[in-house]
>>> print(open('entry19.txt').read())   # compact mmCIF, C-alpha atoms and all ligand atoms
# COMPACT_ATOMS: atom_id res chain seq x y z
CA MET A 10 78.77 -19.21 34.42
CA LYS A 11 75.41 -18.72 32.74
CA ALA A 12 73.15 -21.23 31.00
CA THR A 13 69.51 -21.55 29.93
CA ALA A 14 67.44 -24.70 29.64
CA LEU A 15 64.03 -25.52 28.24
CA ALA A 16 62.13 -28.35 29.90
CA PRO A 17 58.74 -29.73 28.93
CA ALA A 18 55.96 -30.50 31.40
CA ASN A 19 54.92 -34.12 31.28
CA ILE A 20 51.61 -35.92 31.62
CA ALA A 21 51.63 -39.21 33.47
CA PHE A 22 49.87 -42.18 31.87
CA ILE A 23 50.51 -44.24 35.01
CA LYS A 24 50.67 -41.80 37.90
CA TYR A 25 52.89 -41.24 40.89
CA TRP A 26 50.96 -40.60 44.10
CA GLY A 27 52.70 -41.27 47.42
CA LYS A 28 56.30 -41.42 48.53
CA SER A 29 58.14 -44.22 50.33
CA ASP A 30 60.75 -41.61 51.40
CA ASP A 31 59.65 -37.97 51.71
CA GLU A 32 63.13 -36.46 51.88
CA LEU A 33 64.51 -38.37 48.89
CA ARG A 34 61.20 -38.20 47.03
CA LEU A 35 61.25 -41.92 46.33
CA PRO A 36 57.88 -42.90 44.85
CA MET A 37 55.74 -45.75 46.15
CA ASN A 38 55.25 -46.91 42.57
CA PRO A 39 56.82 -46.57 39.11
CA SER A 40 55.19 -44.30 36.53
CA ILE A 41 55.09 -43.61 32.78
CA SER A 42 54.62 -40.25 31.08
CA MET A 43 54.78 -38.29 27.86
CA ASN A 44 56.59 -34.95 27.53
CA LEU A 45 54.49 -32.02 26.28
CA ASP A 46 55.86 -29.70 23.60
CA SER A 47 53.72 -26.58 24.21
CA ALA A 48 53.69 -26.60 28.02
CA TYR A 49 57.23 -25.86 29.07
CA THR A 50 59.50 -23.85 31.33
CA ARG A 51 62.58 -21.87 30.35
CA THR A 52 65.10 -21.14 33.08
CA THR A 53 68.33 -19.14 33.07
CA VAL A 54 70.84 -19.70 35.88
CA GLU A 55 73.86 -17.48 36.38
CA PHE A 56 76.37 -18.07 39.17
CA SER A 57 78.54 -15.16 40.26
CA THR A 58 81.42 -14.72 42.68
CA THR A 59 80.14 -11.25 43.64
CA ARG A 60 76.63 -12.35 44.64
CA ASP A 61 75.83 -12.75 48.38
CA GLU A 62 72.49 -14.54 48.05
CA ASP A 63 70.53 -16.57 45.54
CA GLU A 64 67.87 -14.54 43.75
CA VAL A 65 64.92 -16.38 42.20
CA THR A 66 62.40 -14.70 39.89
CA LEU A 67 59.38 -16.08 38.07
CA LEU A 68 58.42 -13.93 35.08
CA ASP A 69 54.65 -13.45 34.65
CA GLY A 70 53.93 -14.69 38.17
CA THR A 71 55.21 -14.97 41.72
CA PHE A 72 56.91 -17.61 43.82
CA SER A 73 55.95 -18.13 47.46
CA GLU A 74 58.72 -18.15 50.10
CA GLN A 75 58.40 -21.92 50.26
CA GLU A 76 58.85 -22.25 46.49
CA VAL A 77 61.91 -19.99 46.54
CA SER A 78 63.42 -22.10 49.28
CA ARG A 79 62.82 -25.31 47.27
CA VAL A 80 64.71 -23.69 44.37
CA THR A 81 67.63 -22.61 46.58
CA GLN A 82 67.81 -26.12 48.06
CA GLY A 83 68.03 -27.41 44.47
CA LEU A 84 70.88 -24.97 43.83
CA ASP A 85 72.59 -26.18 47.03
CA ARG A 86 72.50 -29.78 45.79
CA ILE A 87 73.98 -28.71 42.44
CA ARG A 88 76.70 -26.63 44.16
CA GLN A 89 77.55 -29.44 46.53
CA LYS A 90 77.87 -31.97 43.72
CA ALA A 91 80.04 -29.59 41.67
CA GLY A 92 82.12 -28.56 44.70
CA ARG A 93 81.25 -24.87 44.25
CA THR A 94 79.95 -22.10 46.51
CA GLU A 95 78.94 -19.22 44.20
CA LYS A 96 75.39 -17.88 44.61
CA ALA A 97 73.07 -17.68 41.62
CA ARG A 98 70.46 -15.57 39.90
CA VAL A 99 67.63 -17.70 38.53
CA VAL A 100 64.97 -16.38 36.17
CA THR A 101 62.23 -18.65 34.96
CA LYS A 102 59.18 -18.45 32.70
CA ASN A 103 56.35 -20.91 32.04
CA THR A 104 54.09 -21.14 28.99
CA PHE A 105 51.21 -22.33 31.18
CA PRO A 106 49.69 -21.59 34.62
CA LYS A 107 51.81 -22.68 37.57
CA GLY A 108 50.33 -24.84 40.30
CA ALA A 109 47.06 -25.68 38.60
CA GLY A 110 47.89 -29.37 38.33
CA SER A 111 49.59 -29.00 35.01
CA ALA A 112 53.06 -29.89 36.22
CA ALA A 113 54.98 -26.59 36.42
CA SER A 114 57.16 -28.02 39.17
CA ALA A 115 58.16 -30.91 36.89
CA SER A 116 59.33 -28.71 34.03
CA GLY A 117 60.69 -26.15 36.51
CA PHE A 118 63.01 -28.52 38.37
CA ALA A 119 64.07 -30.27 35.16
CA ALA A 120 65.05 -26.91 33.64
CA LEU A 121 66.80 -25.77 36.85
CA THR A 122 68.85 -28.98 37.02
CA ILE A 123 70.01 -28.83 33.40
CA ALA A 124 70.76 -25.08 33.45
CA GLY A 125 72.40 -25.21 36.90
CA PHE A 126 74.95 -27.90 36.06
CA ALA A 127 75.61 -26.37 32.62
CA ALA A 128 76.21 -22.93 34.13
CA LEU A 129 78.91 -24.47 36.33
CA GLU A 130 80.21 -26.46 33.34
CA PHE A 131 79.95 -29.58 35.47
CA PRO A 132 79.26 -32.70 33.38
CA VAL A 133 76.51 -35.01 34.68
CA ASP A 134 75.00 -37.91 32.72
CA GLU A 135 71.29 -38.17 31.97
CA LYS A 136 70.56 -40.73 34.67
CA GLU A 137 72.08 -38.53 37.35
CA LEU A 138 70.33 -35.43 36.01
CA THR A 139 67.01 -37.24 36.45
CA ILE A 140 67.96 -38.07 40.05
CA PHE A 141 68.78 -34.42 40.84
CA ALA A 142 65.55 -33.26 39.21
CA ARG A 143 63.60 -35.88 41.23
CA LEU A 144 64.99 -34.49 44.49
CA GLY A 145 63.39 -31.12 43.60
CA SER A 146 60.02 -32.48 42.50
CA GLY A 147 59.41 -36.18 41.93
CA SER A 148 57.78 -35.98 38.51
CA ALA A 149 60.54 -33.59 37.29
CA CYS A 150 62.77 -36.60 36.61
CA ARG A 151 60.39 -37.61 33.80
CA SER A 152 60.86 -34.24 32.00
CA ILE A 153 64.54 -34.91 31.29
CA PRO A 154 64.65 -37.96 28.95
CA ASP A 155 63.03 -37.75 25.49
CA GLY A 156 59.46 -38.48 24.50
CA PHE A 157 57.78 -41.33 26.38
CA VAL A 158 59.44 -41.91 29.74
CA GLU A 159 59.48 -44.43 32.58
CA TRP A 160 60.43 -43.48 36.16
CA LYS A 161 61.70 -46.53 38.03
CA GLU A 162 60.62 -46.46 41.65
CA GLY A 163 63.84 -47.83 43.20
CA ASN A 164 64.64 -48.51 46.84
CA THR A 165 67.51 -46.02 47.02
CA SER A 166 68.15 -42.61 45.51
CA ASP A 167 70.50 -44.10 42.89
CA GLU A 168 67.88 -46.62 41.78
CA SER A 169 65.06 -44.12 41.35
CA TYR A 170 65.64 -42.50 37.96
CA ALA A 171 63.92 -41.95 34.63
CA VAL A 172 64.66 -43.36 31.17
CA SER A 173 63.22 -42.79 27.72
CA LEU A 174 61.08 -45.67 26.45
CA TYR A 175 60.54 -44.11 23.01
CA PRO A 176 61.56 -40.81 21.38
CA SER A 177 58.95 -38.10 20.77
CA SER A 178 58.71 -39.04 17.07
CA TYR A 179 57.57 -42.58 17.98
CA TRP A 180 53.80 -41.95 18.08
CA ASP A 181 51.98 -38.82 16.92
CA LEU A 182 49.64 -38.40 19.89
CA ARG A 183 48.02 -35.19 21.09
CA ASP A 184 47.58 -34.08 24.66
CA ILE A 185 44.92 -31.36 24.65
CA LEU A 186 45.32 -29.58 27.97
CA VAL A 187 41.99 -27.99 28.85
CA ILE A 188 42.45 -25.28 31.49
CA VAL A 189 39.25 -24.81 33.49
CA ASP A 190 40.91 -23.01 36.42
CA SER A 191 44.33 -21.41 36.14
CA ARG A 192 44.55 -20.45 39.83
CA MET A 193 47.07 -22.02 42.18
CA LYS A 194 45.74 -25.25 43.66
CA LYS A 195 44.99 -25.11 47.40
CA VAL A 196 46.84 -28.26 48.39
CA SER A 197 50.25 -28.88 46.80
CA THR A 198 51.23 -32.37 45.68
CA THR A 199 53.94 -32.47 48.36
CA GLU A 200 51.36 -31.74 51.08
CA GLY A 201 48.70 -33.97 49.51
CA MET A 202 51.00 -36.98 49.38
CA GLU A 203 51.90 -36.66 53.06
CA THR A 204 48.52 -38.13 54.07
CA VAL A 205 48.28 -40.75 51.29
CA ARG A 206 48.48 -43.60 53.83
CA THR A 207 45.17 -42.48 55.37
CA SER A 208 43.29 -43.76 52.30
CA PRO A 209 42.05 -47.33 52.76
CA PHE A 210 42.42 -47.75 48.98
CA LEU A 211 46.18 -47.07 48.77
CA THR A 212 47.15 -50.75 49.17
CA GLU A 213 44.76 -51.78 46.42
CA ARG A 214 46.13 -49.08 44.14
CA LEU A 215 49.72 -50.14 44.71
CA SER A 216 48.97 -53.78 44.05
CA ALA A 217 47.27 -52.89 40.74
CA ILE A 218 50.16 -50.82 39.41
CA ALA A 219 52.47 -53.62 38.19
CA ASP A 220 49.77 -54.94 35.86
CA ARG A 221 48.95 -51.41 34.63
CA MET A 222 52.63 -50.74 33.90
CA ILE A 223 52.70 -53.89 31.76
CA ARG A 224 49.48 -52.92 29.93
CA CYS A 225 50.70 -49.38 29.35
CA LYS A 226 54.04 -50.55 27.98
CA GLU A 227 52.29 -53.10 25.73
CA ALA A 228 49.93 -50.41 24.44
CA LEU A 229 52.90 -48.19 23.63
CA ARG A 230 54.83 -51.02 21.99
CA GLU A 231 51.82 -52.04 19.89
CA LYS A 232 50.68 -48.42 19.35
CA ASN A 233 47.28 -49.67 20.46
CA PHE A 234 45.43 -46.44 21.28
CA THR A 235 42.32 -48.02 22.85
CA LYS A 236 44.45 -50.13 25.16
CA LEU A 237 46.47 -47.07 26.13
CA GLY A 238 43.40 -44.91 26.71
CA GLU A 239 41.71 -47.51 28.87
CA VAL A 240 44.66 -48.07 31.18
CA VAL A 241 45.39 -44.34 31.48
CA GLU A 242 41.80 -43.43 32.41
CA GLU A 243 41.67 -46.34 34.83
CA ASP A 244 44.83 -45.22 36.60
CA CYS A 245 43.72 -41.58 36.72
CA LEU A 246 40.38 -42.47 38.31
CA ASP A 247 42.12 -44.81 40.73
CA MET A 248 44.59 -42.10 41.84
CA HIS A 249 41.73 -39.62 42.36
CA HIS A 250 39.83 -42.27 44.32
CA VAL A 251 42.80 -42.52 46.68
CA MET A 252 43.02 -38.71 46.88
CA GLN A 253 39.31 -38.36 47.60
CA THR A 254 39.42 -40.99 50.36
CA GLN A 255 42.44 -39.55 52.15
CA ILE A 256 41.92 -37.73 55.45
CA PRO A 257 41.37 -34.86 54.85
CA PRO A 258 39.96 -35.67 51.39
CA LEU A 259 41.52 -34.01 48.37
CA ARG A 260 38.95 -32.96 45.82
CA TYR A 261 40.63 -31.31 42.86
CA TRP A 262 37.80 -31.41 40.28
CA ASN A 263 35.26 -28.67 39.58
CA ASP A 264 32.02 -28.68 37.58
CA ALA A 265 33.79 -28.08 34.27
CA THR A 266 36.18 -30.97 35.01
CA ARG A 267 33.20 -33.28 35.53
CA ARG A 268 31.45 -31.99 32.41
CA ILE A 269 34.52 -32.81 30.31
CA MET A 270 34.90 -36.26 31.88
CA GLU A 271 31.27 -37.06 31.09
CA ALA A 272 31.52 -35.63 27.56
CA THR A 273 34.61 -37.75 26.82
CA LYS A 274 32.54 -40.88 27.31
CA ASN A 275 29.86 -39.53 24.96
CA TRP A 276 32.42 -38.52 22.33
CA ARG A 277 33.79 -42.05 22.37
CA ALA A 278 30.28 -43.42 21.89
CA GLN A 279 29.99 -41.09 18.87
CA GLY A 280 33.18 -42.56 17.39
CA ILE A 281 35.91 -40.14 18.52
CA PRO A 282 38.69 -42.13 20.21
CA VAL A 283 39.61 -39.74 23.03
CA TYR A 284 40.41 -40.37 26.70
CA PHE A 285 41.08 -38.10 29.68
CA THR A 286 43.58 -37.92 32.47
CA ILE A 287 43.80 -35.41 35.33
CA ASP A 288 46.64 -34.55 37.71
CA ALA A 289 46.37 -32.83 41.10
CA GLY A 290 44.11 -30.05 39.88
CA PRO A 291 40.88 -29.43 37.98
CA ASN A 292 42.39 -29.17 34.50
CA VAL A 293 41.82 -32.00 32.08
CA HIS A 294 44.26 -33.58 29.65
CA LEU A 295 42.38 -35.08 26.70
CA PHE A 296 44.49 -37.32 24.57
CA CYS A 297 43.93 -38.72 21.12
CA GLU A 298 45.81 -39.61 17.97
CA ALA A 299 46.83 -36.63 15.79
CA LYS A 300 44.16 -37.38 13.18
CA TYR A 301 41.39 -36.74 15.76
CA GLU A 302 42.75 -33.45 17.12
CA LYS A 303 40.36 -31.25 15.16
CA GLU A 304 37.33 -33.32 16.09
CA VAL A 305 38.19 -33.10 19.78
CA LEU A 306 38.77 -29.33 19.57
CA ASP A 307 35.44 -28.88 17.74
CA ALA A 308 33.66 -31.00 20.36
CA LEU A 309 35.12 -28.87 23.17
CA VAL A 310 33.42 -25.73 21.82
CA SER A 311 30.12 -26.82 23.41
CA ILE A 312 31.61 -27.20 26.91
CA LYS A 313 31.03 -24.39 29.41
CA GLY A 314 33.74 -23.17 31.76
CA ILE A 315 36.89 -23.53 29.65
CA GLU A 316 39.51 -20.78 30.19
CA SER A 317 42.04 -21.87 27.59
CA ILE A 318 43.35 -24.85 25.66
CA ILE A 319 46.96 -25.87 25.03
CA VAL A 320 47.50 -28.49 22.32
CA ASN A 321 50.62 -30.58 22.91
CA LYS A 322 52.55 -33.04 20.78
CA PRO A 323 55.07 -35.45 22.31
CA SER A 324 58.26 -33.55 23.05
CA ARG A 325 61.95 -34.20 23.44
CA GLY A 326 63.26 -33.91 26.97
CA ALA A 327 64.90 -30.98 28.73
CA HIS A 328 67.82 -29.39 26.88
CA LEU A 329 70.00 -26.30 26.75
CA ILE A 330 69.00 -23.35 24.56
CA ALA A 331 70.90 -20.26 23.50
CA ASP A 332 68.32 -17.58 24.39
CA HIS A 333 68.91 -16.35 27.93
CA LEU A 334 66.06 -14.74 29.90
CA PHE A 335 68.38 -11.96 31.18
O1 LIG B 401 56.15 -34.41 41.33
P1 LIG B 401 54.96 -33.73 41.89
O2 LIG B 401 55.11 -33.39 43.33
O3 LIG B 401 54.55 -32.57 41.06
O4 LIG B 401 53.73 -34.78 41.85
C1 LIG B 401 53.09 -35.17 40.67
C2 LIG B 401 51.83 -35.88 40.98
C3 LIG B 401 50.86 -36.07 39.85
O5 LIG B 401 50.98 -35.06 38.89
C4 LIG B 401 49.46 -36.00 40.44
C5 LIG B 401 51.01 -37.43 39.20
C6 LIG B 401 52.19 -37.61 38.25
O6 LIG B 401 52.71 -38.73 38.21
O7 LIG B 401 52.56 -36.66 37.55
>>> encode(input="entry19.txt", output="structure tokens")
Amino acid sequence: MKATALAPANIAFIKYWGKSDDELRLPMNPSISMNLDSAYTRTTVEFSTTRDEDEVTLLDGTFSEQEVSRVTQGLDRIRQKAGRTEKARVVTKNTFPKGAGSAASASGFAALTIAGFAALEFPVDEKELTIFARLGSGSACRSIPDGFVEWKEGNTSDESYAVSLYPSSYWDLRDILVIVDSRMKKVSTTEGMETVRTSPFLTERLSAIADRMIRCKEALREKNFTKLGEVVEEDCLDMHHVMQTQIPPLRYWNDATRRIMEATKNWRAQGIPVYFTIDAGPNVHLFCEAKYEKEVLDALVSIKGIESIIVNKPSRGAHLIADHLF
């Protein structure tokens, strides 16, 4: 009754910000992402008949009470589906800072879902795994299928799932995750999304998404990097505009974030095709084609305020591994 899964974090090209149903974590809009091969979570789940309570441990870090309770609720959903009652020990480890807007909850809930069902030897198909992961953390559904992934918004829980658009080998892109602050963000995405309707720009954002989804899919199909970069930056800035105009406003960027955003524009003018995107935190994802990775890394040397850099290639989705964490 023990299994371990590895799940990648993912970076959204077209972002999810706002839920139409808080409980079911149904998004107000569809999204598209790429899985990241160096930013991942490993999670071991072991159910036992002799255990009275679930025990949840994060190696190299701590979980708040609220986070622990989100994990145990995830275990409850898995137990209920499998018709089981045994309590579990969960041990998890990230390769990157949790809660700094670099999607630890996405990889975390994807890994928990895969390991949890496998530990109970309860077969669930990929579509349903993405639905269970989504109920833990919306963007977690995108960490389950391979490579480049679409999350369909759906009107019901069954309709809101993620599918692979292309495998990881499809396009050799790089996501250079520039950590400028590894501390836990002050406002979680769950909390931040609760007030999304207070932004006067939400309606405009939602009506622009269908066209951006089409442009993003075309850019992927054509492997047109400029087209991809433009639509991704546009959607990132639009999401942050909504965040910044919510009441209370959510301002996730710091000075180093702004320096990198500004520099990206200059690097492009100097002939390096690189674009940025930023989630709910100050850290910046710079993306480029593999052949420009070194140039981007060299250019970053002159930027003040960088704590660390994680270079990611596109990754396969969440899967079981043999190495248990305990
Ligand atoms: O699934 P959550 O609650 O981690 O929300 C993710 C929100 C963003 O990272 C800001 C956007 C996205 O689509 O990943």
>>> closest_residue(input="entry19.txt", among="A:Ala14, A:Cys150, A:Ala289, A:Val99", to="ligand LIG 401 (chain B)", atoms="all atoms listed in the file")
A:Ala289
>>> residues_near_ligand(input="entry19.txt", ligand="ligand LIG 401 (chain B)", cutoff="8 Å", atoms="all atoms listed in the file", output="ChimeraX atom specification")
/A:19-26,40-42,110-115,143,146-149,197-199,248,287-289
>>> closest_residue(input="entry19.txt", among="A:Leu306, A:Leu229, A:Thr94, A:Ala171", to="Ser57 of chain A", atoms="only C-alpha atoms")
A:Thr94
>>> closest_residue(input="entry19.txt", among="A:Ile188, A:Val251, A:Met222, A:Ala278", to="Ile318 of chain A", atoms="only C-alpha atoms")
A:Ile188
>>> closest_residue(input="entry19.txt", among="A:Glu213, A:Glu239, A:Glu227, A:Glu159", to="Asn44 of chain A", atoms="only C-alpha atoms")
A:Glu159
>>> decode(input="entry19.txt", residues="segment 162-186 of chain A", atoms="N, CA, C and O atoms", output="mmCIF file, in the first residue's frame")
data_model
loop_
_atom_site.group_PDB
_atom_site.id
_atom_site.type_symbol
_atom_site.label_atom_id
_atom_site.label_comp_id
_atom_site.auth_asym_id
_atom_site.auth_seq_id
_atom_site.Cartn_x
_atom_site.Cartn_y
_atom_site.Cartn_z
ATOM 1 N N GLU A 162 -11.974 24.349 -19.640
ATOM 2 C CA GLU A 162 -12.638 24.957 -18.474
ATOM 3 C C GLU A 162 -13.817 24.130 -17.962
ATOM 4 O O GLU A 162 -13.882 23.819 -16.793
ATOM 5 N N GLY A 163 -14.738 23.753 -18.850
ATOM 6 C CA GLY A 163 -15.880 22.919 -18.476
ATOM 7 C C GLY A 163 -16.898 23.627 -17.596
ATOM 8 O O GLY A 163 -16.575 24.577 -16.894
ATOM 9 N N ASN A 164 -18.139 23.136 -17.665
ATOM 10 C CA ASN A 164 -19.193 23.685 -16.808
ATOM 11 C C ASN A 164 -19.463 22.793 -15.611
ATOM 12 O O ASN A 164 -20.153 23.189 -14.677
ATOM 13 N N THR A 165 -18.961 21.561 -15.679
ATOM 14 C CA THR A 165 -19.158 20.627 -14.561
ATOM 15 C C THR A 165 -17.796 20.034 -14.236
ATOM 16 O O THR A 165 -16.851 20.157 -15.024
ATOM 17 N N SER A 166 -17.719 19.337 -13.103
ATOM 18 C CA SER A 166 -16.447 18.751 -12.692
ATOM 19 C C SER A 166 -15.925 17.779 -13.761
ATOM 20 O O SER A 166 -14.740 17.777 -14.079
ATOM 21 N N ASP A 167 -16.825 16.979 -14.327
ATOM 22 C CA ASP A 167 -16.408 15.978 -15.327
ATOM 23 C C ASP A 167 -15.886 16.601 -16.613
ATOM 24 O O ASP A 167 -15.137 15.969 -17.356
ATOM 25 N N GLU A 168 -16.320 17.834 -16.884
ATOM 26 C CA GLU A 168 -15.914 18.478 -18.139
ATOM 27 C C GLU A 168 -14.625 19.282 -17.995
ATOM 28 O O GLU A 168 -14.100 19.779 -18.980
ATOM 29 N N SER A 169 -14.167 19.455 -16.761
ATOM 30 C CA SER A 169 -13.010 20.327 -16.543
ATOM 31 C C SER A 169 -11.759 19.487 -16.271
ATOM 32 O O SER A 169 -11.441 19.166 -15.137
ATOM 33 N N TYR A 170 -11.074 19.111 -17.359
ATOM 34 C CA TYR A 170 -9.935 18.203 -17.237
ATOM 35 C C TYR A 170 -8.823 18.652 -18.184
ATOM 36 O O TYR A 170 -9.025 19.561 -18.998
ATOM 37 N N ALA A 171 -7.678 18.001 -18.056
ATOM 38 C CA ALA A 171 -6.531 18.408 -18.873
ATOM 39 C C ALA A 171 -6.117 17.302 -19.838
ATOM 40 O O ALA A 171 -6.241 16.114 -19.521
ATOM 41 N N VAL A 172 -5.639 17.717 -21.012
ATOM 42 C CA VAL A 172 -5.160 16.759 -22.023
ATOM 43 C C VAL A 172 -3.840 17.252 -22.607
ATOM 44 O O VAL A 172 -3.606 18.452 -22.682
ATOM 45 N N SER A 173 -3.034 16.294 -23.058
ATOM 46 C CA SER A 173 -1.774 16.666 -23.699
ATOM 47 C C SER A 173 -2.051 17.129 -25.125
ATOM 48 O O SER A 173 -2.764 16.462 -25.873
ATOM 49 N N LEU A 174 -1.467 18.279 -25.492
ATOM 50 C CA LEU A 174 -1.564 18.745 -26.878
ATOM 51 C C LEU A 174 -0.406 18.173 -27.692
ATOM 52 O O LEU A 174 -0.562 17.770 -28.830
ATOM 53 N N TYR A 175 0.777 18.148 -27.071
ATOM 54 C CA TYR A 175 1.983 17.623 -27.710
ATOM 55 C C TYR A 175 2.873 17.007 -26.627
ATOM 56 O O TYR A 175 2.916 17.520 -25.507
ATOM 57 N N PRO A 176 3.629 15.955 -26.969
ATOM 58 C CA PRO A 176 4.553 15.388 -25.979
ATOM 59 C C PRO A 176 5.734 16.331 -25.723
ATOM 60 O O PRO A 176 5.960 17.275 -26.491
ATOM 61 N N SER A 177 6.503 16.040 -24.686
ATOM 62 C CA SER A 177 7.610 16.933 -24.313
ATOM 63 C C SER A 177 8.667 17.035 -25.413
ATOM 64 O O SER A 177 9.365 18.036 -25.528
ATOM 65 N N SER A 178 8.791 15.986 -26.235
ATOM 66 C CA SER A 178 9.831 15.990 -27.277
ATOM 67 C C SER A 178 9.445 16.863 -28.472
ATOM 68 O O SER A 178 10.242 17.065 -29.385
ATOM 69 N N TYR A 179 8.215 17.402 -28.461
ATOM 70 C CA TYR A 179 7.691 18.114 -29.634
ATOM 71 C C TYR A 179 8.504 19.355 -30.005
ATOM 72 O O TYR A 179 8.775 19.619 -31.168
ATOM 73 N N TRP A 180 8.904 20.135 -28.975
ATOM 74 C CA TRP A 180 9.568 21.424 -29.270
ATOM 75 C C TRP A 180 10.580 21.667 -28.159
ATOM 76 O O TRP A 180 10.213 21.681 -26.977
ATOM 77 N N ASP A 181 11.846 21.846 -28.542
ATOM 78 C CA ASP A 181 12.913 21.963 -27.547
ATOM 79 C C ASP A 181 12.994 23.404 -27.014
ATOM 80 O O ASP A 181 13.902 24.158 -27.355
ATOM 81 N N LEU A 182 12.044 23.740 -26.172
ATOM 82 C CA LEU A 182 12.032 25.082 -25.565
ATOM 83 C C LEU A 182 12.756 25.037 -24.228
ATOM 84 O O LEU A 182 12.969 23.973 -23.658
ATOM 85 N N ARG A 183 13.103 26.204 -23.718
ATOM 86 C CA ARG A 183 13.655 26.303 -22.363
ATOM 87 C C ARG A 183 12.805 27.263 -21.553
ATOM 88 O O ARG A 183 12.419 28.335 -22.052
ATOM 89 N N ASP A 184 12.539 26.869 -20.314
ATOM 90 C CA ASP A 184 11.917 27.782 -19.363
ATOM 91 C C ASP A 184 12.977 28.035 -18.301
ATOM 92 O O ASP A 184 13.341 27.122 -17.549
ATOM 93 N N ILE A 185 13.503 29.255 -18.287
ATOM 94 C CA ILE A 185 14.569 29.592 -17.332
ATOM 95 C C ILE A 185 13.893 30.299 -16.162
ATOM 96 O O ILE A 185 13.454 31.445 -16.286
ATOM 97 N N LEU A 186 13.764 29.548 -15.072
ATOM 98 C CA LEU A 186 13.034 30.079 -13.912
ATOM 99 C C LEU A 186 14.019 30.883 -13.056
ATOM 100 O O LEU A 186 14.973 30.336 -12.507
#
